[in-house]
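Next comes upload.cif, with mmCIF, C-alpha atoms and all ligand atoms.
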data_protein
#
loop_
_atom_site.label_atom_id
_atom_site.label_comp_id
_atom_site.auth_asym_id
_atom_site.auth_seq_id
_atom_site.Cartn_x
_atom_site.Cartn_y
_atom_site.Cartn_z
CA MET A 785 17.79 12.53 -17.97
CA ASP A 786 15.43 10.86 -20.42
CA LEU A 787 13.37 7.78 -19.70
CA GLN A 788 15.83 5.47 -21.44
CA GLY A 789 18.67 6.88 -19.32
CA LEU A 790 16.55 6.33 -16.22
CA ILE A 791 15.89 2.71 -17.22
CA ARG A 792 19.62 2.07 -17.55
CA ARG A 793 20.31 3.45 -14.07
CA LEU A 794 17.42 1.79 -12.23
CA PRO A 795 18.33 -0.96 -9.77
CA LYS A 796 16.76 -4.16 -11.10
CA ALA A 797 15.67 -7.60 -9.90
CA GLU A 798 15.45 -10.44 -12.39
CA LEU A 799 12.87 -13.06 -11.39
CA HIS A 800 12.44 -15.12 -14.55
CA LEU A 801 15.74 -16.29 -15.95
CA HIS A 802 16.68 -19.81 -17.02
CA ILE A 803 20.41 -20.14 -16.49
CA GLU A 804 20.63 -22.56 -19.44
CA GLY A 805 19.02 -19.81 -21.52
CA THR A 806 21.99 -17.52 -20.95
CA LEU A 807 24.35 -19.76 -22.92
CA GLU A 808 25.71 -17.36 -25.54
CA PRO A 809 26.92 -18.89 -28.84
CA GLU A 810 30.53 -17.87 -28.05
CA LEU A 811 30.49 -19.79 -24.75
CA MET A 812 28.66 -22.70 -26.40
CA MET A 813 31.54 -23.04 -28.88
CA GLN A 814 34.19 -22.67 -26.17
CA LEU A 815 32.59 -25.33 -24.00
CA ALA A 816 32.12 -27.68 -26.96
CA GLU A 817 35.84 -27.34 -27.64
CA ARG A 818 36.79 -27.71 -23.97
CA ASN A 819 34.74 -30.92 -23.77
CA GLY A 820 35.73 -32.34 -27.17
CA LEU A 821 32.18 -32.21 -28.52
CA ALA A 822 31.08 -31.59 -32.11
CA LEU A 823 28.37 -28.95 -32.57
CA PRO A 824 25.93 -29.06 -35.49
CA TYR A 825 27.03 -25.48 -36.29
CA ALA A 826 30.21 -24.31 -38.03
CA SER A 827 30.25 -20.74 -36.70
CA ILE A 828 28.76 -18.29 -34.21
CA GLU A 829 26.80 -16.78 -37.07
CA GLU A 830 25.32 -20.17 -37.97
CA ILE A 831 24.24 -20.64 -34.36
CA ARG A 832 22.54 -17.23 -34.28
CA ASN A 833 20.86 -17.92 -37.62
CA ALA A 834 19.31 -21.08 -36.15
CA TYR A 835 17.48 -18.99 -33.53
CA LYS A 836 14.27 -18.48 -35.49
CA PHE A 837 11.37 -19.92 -33.59
CA SER A 838 7.72 -20.54 -34.48
CA ASP A 839 6.54 -21.44 -30.98
CA LEU A 840 7.76 -22.64 -27.56
CA GLN A 841 8.53 -26.20 -28.71
CA SER A 842 10.65 -25.09 -31.68
CA PHE A 843 12.77 -23.11 -29.20
CA LEU A 844 12.97 -25.86 -26.58
CA ASP A 845 14.33 -28.37 -29.13
CA ILE A 846 17.30 -26.08 -29.87
CA TYR A 847 17.73 -24.99 -26.25
CA TYR A 848 17.99 -28.55 -24.88
CA ALA A 849 20.44 -29.48 -27.66
CA GLY A 850 22.63 -26.44 -26.82
CA ALA A 851 22.69 -27.36 -23.12
CA ALA A 852 24.54 -30.59 -24.00
CA VAL A 853 27.86 -28.67 -23.98
CA LEU A 854 27.49 -28.20 -20.21
CA GLN A 855 29.32 -31.11 -18.60
CA SER A 856 31.57 -30.20 -15.68
CA GLU A 857 31.15 -28.16 -12.51
CA ALA A 858 33.43 -25.54 -14.13
CA ASP A 859 31.08 -25.32 -17.14
CA PHE A 860 28.08 -24.56 -14.90
CA HIS A 861 30.17 -22.10 -12.92
CA ASP A 862 31.37 -20.26 -16.03
CA LEU A 863 27.86 -20.13 -17.51
CA THR A 864 26.40 -18.68 -14.32
CA TYR A 865 29.19 -16.21 -13.65
CA ALA A 866 29.07 -14.94 -17.25
CA TYR A 867 25.36 -14.22 -16.78
CA LEU A 868 25.93 -12.37 -13.50
CA ASP A 869 28.70 -10.30 -15.06
CA ARG A 870 26.33 -9.34 -17.90
CA ALA A 871 23.48 -8.65 -15.45
CA ALA A 872 25.70 -6.28 -13.48
CA GLN A 873 26.00 -4.12 -16.61
CA ASP A 874 22.20 -3.67 -16.48
CA ASN A 875 22.41 -2.69 -12.81
CA VAL A 876 20.74 -5.91 -11.69
CA ARG A 877 21.00 -6.08 -7.89
CA HIS A 878 19.09 -9.32 -7.23
CA VAL A 879 18.47 -12.48 -9.27
CA GLU A 880 16.17 -15.45 -8.83
CA ILE A 881 17.52 -18.03 -11.22
CA PHE A 882 15.85 -21.15 -12.61
CA PHE A 883 17.86 -24.26 -13.33
CA ASP A 884 16.60 -27.43 -15.01
CA PRO A 885 18.45 -30.38 -13.39
CA GLN A 886 16.63 -32.96 -15.55
CA THR A 887 18.09 -31.42 -18.72
CA HIS A 888 21.45 -32.54 -17.37
CA THR A 889 20.78 -35.65 -15.27
CA GLY A 890 18.90 -37.06 -18.29
CA ARG A 891 22.21 -37.15 -20.20
CA GLY A 892 24.28 -38.56 -17.35
CA ILE A 893 25.48 -35.40 -15.59
CA ARG A 894 25.25 -35.68 -11.79
CA PHE A 895 22.89 -33.41 -9.85
CA ASP A 896 25.73 -32.30 -7.56
CA THR A 897 27.90 -31.25 -10.56
CA VAL A 898 25.11 -28.91 -11.68
CA ILE A 899 24.27 -27.39 -8.32
CA GLU A 900 27.85 -27.02 -7.11
CA GLY A 901 28.86 -25.15 -10.26
CA ILE A 902 25.86 -22.83 -10.23
CA SER A 903 25.87 -22.12 -6.53
CA HIS A 904 29.60 -21.36 -6.32
CA ALA A 905 29.20 -18.85 -9.14
CA LEU A 906 26.24 -17.26 -7.31
CA GLU A 907 28.40 -16.92 -4.20
CA ASP A 908 31.18 -15.36 -6.29
CA GLY A 909 28.66 -12.95 -7.84
CA GLN A 910 27.39 -11.93 -4.41
CA GLU A 911 30.93 -11.25 -3.25
CA ARG A 912 32.43 -9.58 -6.33
CA LEU A 913 29.39 -7.96 -7.98
CA ASP A 914 27.16 -7.41 -4.95
CA ILE A 915 24.27 -9.28 -6.60
CA SER A 916 22.07 -11.20 -4.17
CA TYR A 917 20.35 -14.36 -5.31
CA ARG A 918 17.86 -17.17 -4.86
CA LEU A 919 17.91 -20.45 -6.76
CA ILE A 920 14.74 -22.08 -8.16
CA LEU A 921 14.72 -25.72 -9.28
CA CYS A 922 12.37 -26.25 -12.22
CA PHE A 923 10.77 -29.57 -13.12
CA LEU A 924 10.42 -30.33 -16.82
CA ARG A 925 6.68 -30.71 -17.29
CA HIS A 926 6.96 -32.81 -20.47
CA LEU A 927 8.48 -35.57 -18.29
CA THR A 928 6.50 -37.63 -15.76
CA ALA A 929 5.42 -36.65 -12.26
CA ASP A 930 7.42 -39.63 -10.95
CA GLU A 931 10.56 -38.26 -12.59
CA ALA A 932 9.87 -34.86 -11.02
CA MET A 933 9.46 -36.52 -7.61
CA ALA A 934 12.79 -38.35 -8.04
CA THR A 935 14.42 -35.02 -8.96
CA LEU A 936 12.94 -33.41 -5.85
CA GLU A 937 14.38 -36.23 -3.76
CA SER A 938 17.85 -35.76 -5.25
CA ALA A 939 17.60 -32.05 -4.37
CA LEU A 940 16.80 -32.61 -0.69
CA PRO A 941 20.45 -32.73 0.46
CA TYR A 942 20.84 -29.25 -1.10
CA LYS A 943 17.63 -27.87 0.39
CA LYS A 944 19.38 -24.94 2.05
CA ARG A 945 20.64 -23.69 -1.32
CA ILE A 946 17.30 -23.88 -3.17
CA ALA A 947 14.57 -21.39 -2.29
CA ALA A 948 11.76 -22.62 -4.50
CA VAL A 949 10.64 -25.12 -7.09
CA GLY A 950 9.03 -24.25 -10.42
CA LEU A 951 7.61 -25.82 -13.55
CA ASP A 952 8.81 -25.18 -17.09
CA SER A 953 9.17 -26.72 -20.60
CA SER A 954 6.31 -27.65 -22.99
CA GLU A 955 3.17 -26.18 -21.43
CA VAL A 956 0.20 -27.28 -23.53
CA GLY A 957 -0.91 -30.82 -22.61
CA HIS A 958 1.03 -30.75 -19.33
CA PRO A 959 -1.24 -28.92 -16.85
CA PRO A 960 -0.13 -28.01 -13.34
CA SER A 961 -2.50 -30.68 -11.94
CA LYS A 962 -0.05 -33.34 -13.21
CA PHE A 963 2.43 -32.15 -10.54
CA LYS A 964 0.10 -31.62 -7.56
CA ALA A 965 1.68 -34.35 -5.40
CA VAL A 966 5.24 -33.24 -6.24
CA PHE A 967 4.51 -29.66 -5.27
CA GLU A 968 2.76 -30.79 -2.07
CA ARG A 969 5.88 -32.69 -1.10
CA ALA A 970 8.07 -29.72 -2.05
CA ARG A 971 6.02 -27.38 0.13
CA ALA A 972 6.15 -29.86 3.01
CA GLU A 973 9.96 -29.83 2.66
CA GLY A 974 9.94 -26.02 2.97
CA PHE A 975 10.30 -24.92 -0.66
CA LEU A 976 8.34 -21.97 -2.01
CA THR A 977 6.58 -22.63 -5.34
CA VAL A 978 6.22 -20.88 -8.70
CA ALA A 979 5.11 -22.18 -12.11
CA HIS A 980 5.11 -21.21 -15.76
CA ALA A 981 1.45 -20.88 -16.73
CA GLY A 982 -0.54 -18.96 -19.31
CA GLU A 983 2.41 -18.51 -21.70
CA GLU A 984 0.97 -20.76 -24.43
CA GLY A 985 -1.43 -22.62 -22.16
CA PRO A 986 -4.96 -21.48 -21.24
CA PRO A 987 -5.93 -19.32 -18.24
CA SER A 988 -7.24 -22.47 -16.50
CA TYR A 989 -3.58 -23.54 -16.09
CA ILE A 990 -2.98 -20.33 -14.10
CA VAL A 991 -5.96 -21.18 -11.88
CA GLU A 992 -4.60 -24.71 -11.37
CA ALA A 993 -1.15 -23.36 -10.51
CA LEU A 994 -2.69 -21.14 -7.84
CA ASP A 995 -5.19 -23.65 -6.43
CA LEU A 996 -3.26 -26.91 -6.70
CA LEU A 997 0.42 -25.90 -6.61
CA LYS A 998 -0.10 -22.90 -4.27
CA VAL A 999 2.36 -20.81 -6.24
CA ARG A 1000 3.64 -17.44 -4.99
CA ARG A 1001 4.15 -16.13 -8.54
CA ILE A 1002 3.04 -17.00 -12.06
CA ASP A 1003 5.80 -17.12 -14.67
CA HIS A 1004 4.51 -15.41 -17.84
CA GLY A 1005 0.74 -15.48 -17.16
CA VAL A 1006 -0.01 -13.21 -20.11
CA ARG A 1007 -3.06 -15.25 -21.20
CA CYS A 1008 -4.82 -14.37 -17.91
CA LEU A 1009 -6.58 -11.51 -19.69
CA GLU A 1010 -8.85 -14.05 -21.39
CA ASP A 1011 -10.51 -14.71 -17.99
CA PRO A 1012 -11.85 -11.60 -16.19
CA VAL A 1013 -12.61 -13.53 -12.98
CA LEU A 1014 -8.98 -14.68 -12.87
CA VAL A 1015 -7.71 -11.15 -13.53
CA ALA A 1016 -9.76 -9.83 -10.60
CA ARG A 1017 -8.28 -12.55 -8.38
CA LEU A 1018 -4.69 -11.87 -9.48
CA ALA A 1019 -5.22 -8.15 -8.86
CA LYS A 1020 -6.88 -8.62 -5.46
CA ASP A 1021 -4.21 -11.03 -4.20
CA GLN A 1022 -1.39 -9.16 -5.97
CA ILE A 1023 -0.02 -12.42 -7.38
CA PRO A 1024 3.06 -11.34 -9.35
CA LEU A 1025 3.40 -12.16 -13.04
CA THR A 1026 6.99 -12.51 -14.29
CA VAL A 1027 6.45 -11.26 -17.83
CA CYS A 1028 9.13 -11.68 -20.52
CA PRO A 1029 8.31 -9.35 -23.43
CA LEU A 1030 11.11 -10.22 -25.89
CA SER A 1031 10.60 -13.93 -25.24
CA ASN A 1032 6.89 -13.61 -25.99
CA VAL A 1033 7.62 -12.02 -29.37
CA LYS A 1034 10.38 -14.52 -30.28
CA LEU A 1035 8.09 -17.45 -29.43
CA ARG A 1036 5.15 -15.87 -31.27
CA VAL A 1037 2.88 -15.43 -28.24
CA PHE A 1038 2.50 -11.90 -29.68
CA ASP A 1039 3.38 -11.03 -33.28
CA THR A 1040 5.10 -7.77 -32.36
CA LEU A 1041 6.20 -5.97 -29.20
CA GLN A 1042 3.64 -3.25 -29.99
CA GLN A 1043 0.94 -5.91 -29.65
CA HIS A 1044 2.17 -7.13 -26.25
CA ASN A 1045 -0.46 -6.88 -23.50
CA LEU A 1046 1.87 -5.65 -20.74
CA ARG A 1047 0.17 -2.25 -20.58
CA GLN A 1048 -3.26 -3.88 -20.22
CA LEU A 1049 -1.90 -6.08 -17.44
CA LEU A 1050 -0.62 -3.00 -15.61
CA ASP A 1051 -3.89 -1.14 -16.22
CA ALA A 1052 -5.76 -4.09 -14.66
CA GLY A 1053 -3.81 -3.44 -11.45
CA LEU A 1054 -1.66 -6.59 -11.67
CA CYS A 1055 1.79 -6.91 -10.10
CA VAL A 1056 3.70 -7.12 -13.40
CA THR A 1057 7.47 -7.53 -13.60
CA VAL A 1058 9.81 -7.41 -16.64
CA ASN A 1059 12.28 -10.25 -17.17
CA SER A 1060 14.44 -11.85 -19.82
CA ASP A 1061 13.64 -15.63 -19.73
CA ASP A 1062 16.38 -16.98 -22.07
CA PRO A 1063 18.29 -13.87 -23.15
CA ALA A 1064 20.98 -15.62 -25.22
CA TYR A 1065 18.21 -16.97 -27.44
CA PHE A 1066 15.73 -14.09 -27.44
CA GLY A 1067 17.95 -11.14 -28.27
CA GLY A 1068 18.07 -9.15 -25.06
CA TYR A 1069 18.88 -9.11 -21.36
CA ILE A 1070 16.68 -7.39 -18.80
CA GLY A 1071 17.80 -3.86 -19.68
CA GLU A 1072 16.93 -4.44 -23.32
CA ASN A 1073 13.55 -5.90 -22.33
CA PHE A 1074 12.80 -2.70 -20.38
CA LEU A 1075 14.12 -0.33 -23.05
CA ARG A 1076 12.39 -1.95 -26.00
CA THR A 1077 9.10 -2.45 -24.18
CA GLN A 1078 9.08 1.17 -23.00
CA GLN A 1079 9.53 2.29 -26.60
CA ALA A 1080 7.10 -0.15 -28.19
CA LEU A 1081 4.29 0.55 -25.70
CA ASP A 1082 5.24 4.18 -25.00
CA LEU A 1083 5.36 3.48 -21.25
CA GLY A 1084 5.66 6.55 -19.03
CA ILE A 1085 7.79 7.20 -15.99
CA GLU A 1086 5.08 6.06 -13.60
CA GLU A 1087 4.79 2.71 -15.35
CA ILE A 1088 8.56 2.21 -15.41
CA HIS A 1089 8.73 3.14 -11.72
CA THR A 1090 5.99 0.61 -10.90
CA LEU A 1091 7.67 -2.16 -12.92
CA ALA A 1092 11.02 -1.59 -11.20
CA LYS A 1093 9.46 -1.59 -7.72
CA ASN A 1094 7.27 -4.61 -8.48
CA ALA A 1095 10.34 -6.75 -9.16
CA PHE A 1096 11.60 -6.24 -5.62
CA ILE A 1097 8.11 -6.54 -4.10
CA ALA A 1098 7.61 -9.84 -5.97
CA SER A 1099 11.04 -11.23 -5.02
CA PHE A 1100 11.74 -13.74 -2.26
CA LEU A 1101 13.94 -11.24 -0.40
CA GLY A 1102 13.15 -10.37 3.21
CA GLU A 1103 11.09 -7.27 3.94
CA ALA A 1104 14.04 -5.12 5.03
CA GLU A 1105 15.99 -5.93 1.86
CA LYS A 1106 12.94 -5.24 -0.30
CA ALA A 1107 12.46 -1.87 1.38
CA ARG A 1108 16.14 -0.96 0.90
CA HIS A 1109 16.01 -1.68 -2.84
CA ILE A 1110 12.67 0.09 -3.29
CA ARG A 1111 14.10 3.18 -1.60
CA SER A 1112 16.98 3.19 -4.06
CA VAL A 1113 14.53 2.83 -6.98
CA ASP A 1114 12.51 5.76 -5.59
CA GLU A 1115 15.67 7.87 -5.21
CA ILE A 1116 16.73 7.36 -8.83
CA VAL A 1117 13.22 8.15 -10.12
CA ALA A 1118 13.09 11.27 -7.94
CA THR A 1119 16.17 12.64 -9.73
CA ILE A 1120 14.19 13.08 -12.94
CA LEU A 1121 10.86 14.25 -11.52
N1 LIG A 1201 12.31 -23.18 -20.51
C1 LIG A 1201 13.12 -22.16 -20.85
N2 LIG A 1201 12.39 -21.11 -21.27
C2 LIG A 1201 11.09 -21.48 -21.18
C3 LIG A 1201 9.86 -20.84 -21.46
N3 LIG A 1201 9.80 -19.60 -21.94
N4 LIG A 1201 8.72 -21.52 -21.26
C4 LIG A 1201 8.76 -22.77 -20.79
N5 LIG A 1201 9.89 -23.42 -20.51
C5 LIG A 1201 11.05 -22.78 -20.70
ZN ZN A 1202 10.66 -19.18 -18.65
#
Please render this file's structure as structure tokens.
Amino acid sequence: MDLQGLIRRLPKAELHLHIEGTLEPELMMQLAERNGLALPYASIEEIRNAYKFSDLQSFLDIYYAGAAVLQSEADFHDLTYAYLDRAAQDNVRHVEIFFDPQTHTGRGIRFDTVIEGISHALEDGQERLDISYRLILCFLRHLTADEAMATLESALPYKKRIAAVGLDSSEVGHPPSKFKAVFERARAEGFLTVAHAGEEGPPSYIVEALDLLKVRRIDHGVRCLEDPVLVARLAKDQIPLTVCPLSNVKLRVFDTLQQHNLRQLLDAGLCVTVNSDDPAYFGGYIGENFLRTQQALDLGIEEIHTLAKNAFIASFLGEAEKARHIRSVDEIVATIL
């Protein structure tokens, strides 16, 4: 079996996936029709043609507009189940999914509509597709800390269903320090924490996320290489980075996949994982992220093996579950050694 065949067969964990970013143009049109909404696009092709981004903000503007078709519990269920069904094709065994409640509550959709739809689909996916899951509530960092705190409060009745809180949306100008009190409260309520940092923002945002928000993982984190002291810390503490190669190229963090720094991150001894971020917008699910990155950077079997294991190590699964998945990764790799 060649390396690409191995990649297809490897059991995978996806740790950086915005459920709103899995809204494929076909489903967007169906939901617009179901909900009697007019889209600014006449066809699927026109939607796809609009997906040309110059930076994070140019993507977010289109992404938030697209999410407006999501209105009922059934819409959130169908979105989430469609993603799980697609993930199963890539042999994804475990997902840790972000959702952005403020994208929906800000346009009058109730918090419970969002979480009921998503969590019922996750339960269905566990039962029918054998994909385990955790749910991560992300605060939109371009909004105020008070709004994030109110969102946290509306999530408290659903605490048992939400493993962690995170931070996403427009990074530059919205440092982690803005959300220190919100994350303190979240931790006191028993949530784990993660944060997007060092995607477009400086390495100092990664340091803030670690020191002030006490995050267990950094989402993206690719700009850490600009600060050698930070790199040494991330390596020593094995703080996972949830890297999203195709996203980084689409949003112009790197001009080409060949220029991506994933190999340097691995060489620095960091716990790097490969993820898809917003696959409906960035042209590839997790399998495609692995396949294209392997080719672009000429990654070898050892590197692919490490990346696949890291995803389970970096997950919020219990130790026994992690060990079970890592054994199955090792078994598949052993078949081609
Ligand atoms: N929301 C969805 N995708 C995102 C990304 N890549 N960075 C920040 N916020 C996001
Ligand atoms: Zn993201």
Under the rule that all atoms listed in the file are counted, which of A:Gln1043, A:Ser1031, A:Gln910, A:Thr1057 is the nearest residue to ligand LIG 1201 (chain A)?
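Among A:Gln1043, A:Ser1031, A:Gln910, A:Thr1057, it is A:Ser1031 that comes nearest to ligand LIG 1201 (chain A).
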Considering all atoms listed in the file, return as a list in words whatever protein or nucleic-acid residues lie within 9 Å of A:Glu900, sequence-local ones (same chain, fewer than 6 positions apart) excluded.
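Once the adjacent positions are removed, what remains is Glu857, Phe860 and His861 of chain A.
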Of the residues A:His1089, A:Arg1017, A:His802, A:Lys943, which is the one nearest to ligand LIG 1201 (chain A), using only C-alpha atoms and all ligand atoms?
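Result for the nearest residue to ligand LIG 1201 (chain A): A:His802.
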For A:Leu801, work out the shell of residues within 12 Å, counting all atoms listed in the file and skipping chain neighbours fewer than 4 positions away, then give it as JSON, numbers by chain.
{"A": [797, 805, 806, 807, 864, 867, 868, 871, 878, 879, 880, 881, 882, 883, 884, 917, 918, 919, 920, 921, 922, 950, 952, 980, 1003, 1004, 1026, 1027, 1028, 1031, 1058, 1059, 1060, 1061, 1062, 1063, 1064, 1065, 1066, 1068, 1069, 1070]}
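Put simply, atom CA of A:Arg971 is 8.9 Å away from atom CA of A:Leu997.
Using all atoms listed in the file, the smallest distance between any of A:Ser961, A:Asn1032, A:Ser916, A:Thr897 and A:Pro885 comes from A:Thr897.
For the set A:Gly1071, A:Gly957, A:Gly1084, A:Gly982, the residue with the smallest atom-to-atom gap to ligand ZN 1202 (chain A) is A:Gly982, counting all atoms listed in the file.
The list of residues within 10 Å of (14.3, 4.9, -22.8), counted using all atoms listed in the file, is Met785, Asp786, Leu787, Gln788, Gly789, Leu790, Ile791, Arg792, Gly1071, Glu1072, Phe1074, Leu1075, Arg1076, Thr1077, Gln1078, Gln1079, Asp1082, Leu1083, Gly1084, Ile1085 and Ile1088 of chain A.
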Got a sec: who's within 12 Å of A:Arg894, counting all atoms listed in the file, leaving out chain neighbours fewer than 3 positions off, as a count of residues only?
20
Find the residues near A:Ala849: any atom within 10 Å, counting all atoms listed in the file, skip ones fewer than 4 places away on the same chain, and give them as an mmCIF file with C-alpha atoms, keeping the file's coordinate frame.
data_model
loop_
_atom_site.group_PDB
_atom_site.id
_atom_site.type_symbol
_atom_site.label_atom_id
_atom_site.label_comp_id
_atom_site.auth_asym_id
_atom_site.auth_seq_id
_atom_site.Cartn_x
_atom_site.Cartn_y
_atom_site.Cartn_z
ATOM 1 C CA LEU A 823 28.370 -28.950 -32.570
ATOM 2 C CA PRO A 824 25.930 -29.060 -35.490
ATOM 3 C CA LEU A 844 12.970 -25.860 -26.580
ATOM 4 C CA ASP A 845 14.330 -28.370 -29.130
ATOM 5 C CA VAL A 853 27.860 -28.670 -23.980
ATOM 6 C CA THR A 887 18.090 -31.420 -18.720
#
Could you pull out every residue with an atom within 12 Å of (9.6, -37.6, -22.0), file coordinates, counting only C-alpha atoms, and send them as a PDB file with C-alpha atoms, keeping the file's coordinate frame?
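What landed in selection.pdb:
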ATOM      1  CA  GLN A 886      16.630 -32.960 -15.550  1.00  0.00           C
ATOM      2  CA  THR A 887      18.090 -31.420 -18.720  1.00  0.00           C
ATOM      3  CA  GLY A 890      18.900 -37.060 -18.290  1.00  0.00           C
ATOM      4  CA  LEU A 924      10.420 -30.330 -16.820  1.00  0.00           C
ATOM      5  CA  ARG A 925       6.680 -30.710 -17.290  1.00  0.00           C
ATOM      6  CA  HIS A 926       6.960 -32.810 -20.470  1.00  0.00           C
ATOM      7  CA  LEU A 927       8.480 -35.570 -18.290  1.00  0.00           C
ATOM      8  CA  THR A 928       6.500 -37.630 -15.760  1.00  0.00           C
ATOM      9  CA  ALA A 929       5.420 -36.650 -12.260  1.00  0.00           C
ATOM     10  CA  ASP A 930       7.420 -39.630 -10.950  1.00  0.00           C
ATOM     11  CA  GLU A 931      10.560 -38.260 -12.590  1.00  0.00           C
ATOM     12  CA  ALA A 932       9.870 -34.860 -11.020  1.00  0.00           C
ATOM     13  CA  SER A 953       9.170 -26.720 -20.600  1.00  0.00           C
ATOM     14  CA  SER A 954       6.310 -27.650 -22.990  1.00  0.00           C
ATOM     15  CA  HIS A 958       1.030 -30.750 -19.330  1.00  0.00           C
TER      16      HIS A 958
END
So, counting all atoms listed in the file, which residue among A:Pro1024, A:Pro987, A:Pro1029, A:Gly1102 is closest to ligand LIG 1201 (chain A)?
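Nearest to ligand LIG 1201 (chain A): A:Pro1029.
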Give the answer as one residue: which of A:Ala981, A:Val1013, A:Ile902, A:Leu863 has the shortest atom-to-atom distance to ligand LIG 1201 (chain A), using only C-alpha atoms and all ligand atoms?
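Of A:Ala981, A:Val1013, A:Ile902, A:Leu863, the one nearest ligand LIG 1201 (chain A), counting only C-alpha atoms and all ligand atoms, is A:Ala981.
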Figure out the distance between atom CA of A:Arg1000 and atom N4 of ligand LIG 1201 (chain A), please, to one decimal in Å.
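Interatomic distance, atom N4 of ligand LIG 1201 (chain A) to atom CA of A:Arg1000: 17.5 Å.
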Mind giving me the straight-line distance from atom CA of A:Glu937 to atom CA of A:Phe963 in Å, one decimal?
14.3 Å
Contacts of A:Asn875 within 8 Å, all atoms listed in the file, excl. fewer than 3 positions in-chain, as a list of chain:residue names
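That gives A:Arg792, A:Arg793, A:Leu794, A:Pro795, A:Lys796, A:Ala871, A:Ala872.
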Completion step: stretch 881-892 of chain A with N, CA, C and O atoms as a PDB file, in the frame of the given file:
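Saved as selection-v5.pdb:
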ATOM      1  N   ILE A 881      17.119 -17.284 -10.020  1.00  0.00           N
ATOM      2  CA  ILE A 881      17.520 -18.030 -11.220  1.00  0.00           C
ATOM      3  C   ILE A 881      16.904 -19.421 -11.261  1.00  0.00           C
ATOM      4  O   ILE A 881      16.967 -20.161 -10.291  1.00  0.00           O
ATOM      5  N   PHE A 882      16.325 -19.775 -12.397  1.00  0.00           N
ATOM      6  CA  PHE A 882      15.850 -21.150 -12.610  1.00  0.00           C
ATOM      7  C   PHE A 882      17.002 -22.019 -13.104  1.00  0.00           C
ATOM      8  O   PHE A 882      17.802 -21.572 -13.927  1.00  0.00           O
ATOM      9  N   PHE A 883      17.018 -23.260 -12.648  1.00  0.00           N
ATOM     10  CA  PHE A 883      17.860 -24.260 -13.330  1.00  0.00           C
ATOM     11  C   PHE A 883      17.026 -25.514 -13.519  1.00  0.00           C
ATOM     12  O   PHE A 883      16.090 -25.786 -12.779  1.00  0.00           O
ATOM     13  N   ASP A 884      17.371 -26.256 -14.576  1.00  0.00           N
ATOM     14  CA  ASP A 884      16.600 -27.430 -15.010  1.00  0.00           C
ATOM     15  C   ASP A 884      17.467 -28.678 -14.807  1.00  0.00           C
ATOM     16  O   ASP A 884      18.108 -29.156 -15.757  1.00  0.00           O
ATOM     17  N   PRO A 885      17.533 -29.249 -13.600  1.00  0.00           N
ATOM     18  CA  PRO A 885      18.450 -30.380 -13.390  1.00  0.00           C
ATOM     19  C   PRO A 885      18.202 -31.541 -14.359  1.00  0.00           C
ATOM     20  O   PRO A 885      19.149 -32.206 -14.791  1.00  0.00           O
ATOM     21  N   GLN A 886      16.917 -31.786 -14.712  1.00  0.00           N
ATOM     22  CA  GLN A 886      16.630 -32.960 -15.550  1.00  0.00           C
ATOM     23  C   GLN A 886      17.221 -32.858 -16.962  1.00  0.00           C
ATOM     24  O   GLN A 886      17.470 -33.866 -17.610  1.00  0.00           O
ATOM     25  N   THR A 887      17.446 -31.604 -17.416  1.00  0.00           N
ATOM     26  CA  THR A 887      18.090 -31.420 -18.720  1.00  0.00           C
ATOM     27  C   THR A 887      19.492 -32.021 -18.698  1.00  0.00           C
ATOM     28  O   THR A 887      20.040 -32.400 -19.734  1.00  0.00           O
ATOM     29  N   HIS A 888      20.066 -32.078 -17.515  1.00  0.00           N
ATOM     30  CA  HIS A 888      21.450 -32.540 -17.370  1.00  0.00           C
ATOM     31  C   HIS A 888      21.524 -33.971 -16.842  1.00  0.00           C
ATOM     32  O   HIS A 888      22.259 -34.786 -17.388  1.00  0.00           O
ATOM     33  N   THR A 889      20.730 -34.277 -15.811  1.00  0.00           N
ATOM     34  CA  THR A 889      20.780 -35.650 -15.270  1.00  0.00           C
ATOM     35  C   THR A 889      20.296 -36.643 -16.342  1.00  0.00           C
ATOM     36  O   THR A 889      20.788 -37.773 -16.406  1.00  0.00           O
ATOM     37  N   GLY A 890      19.411 -36.198 -17.213  1.00  0.00           N
ATOM     38  CA  GLY A 890      18.900 -37.060 -18.290  1.00  0.00           C
ATOM     39  C   GLY A 890      19.972 -37.465 -19.299  1.00  0.00           C
ATOM     40  O   GLY A 890      19.773 -38.393 -20.076  1.00  0.00           O
ATOM     41  N   ARG A 891      21.115 -36.745 -19.286  1.00  0.00           N
ATOM     42  CA  ARG A 891      22.210 -37.150 -20.200  1.00  0.00           C
ATOM     43  C   ARG A 891      23.469 -37.524 -19.386  1.00  0.00           C
ATOM     44  O   ARG A 891      24.596 -37.405 -19.875  1.00  0.00           O
ATOM     45  N   GLY A 892      23.212 -37.948 -18.139  1.00  0.00           N
ATOM     46  CA  GLY A 892      24.280 -38.560 -17.350  1.00  0.00           C
ATOM     47  C   GLY A 892      25.128 -37.614 -16.520  1.00  0.00           C
ATOM     48  O   GLY A 892      26.145 -38.025 -15.954  1.00  0.00           O
TER      49      GLY A 892
END
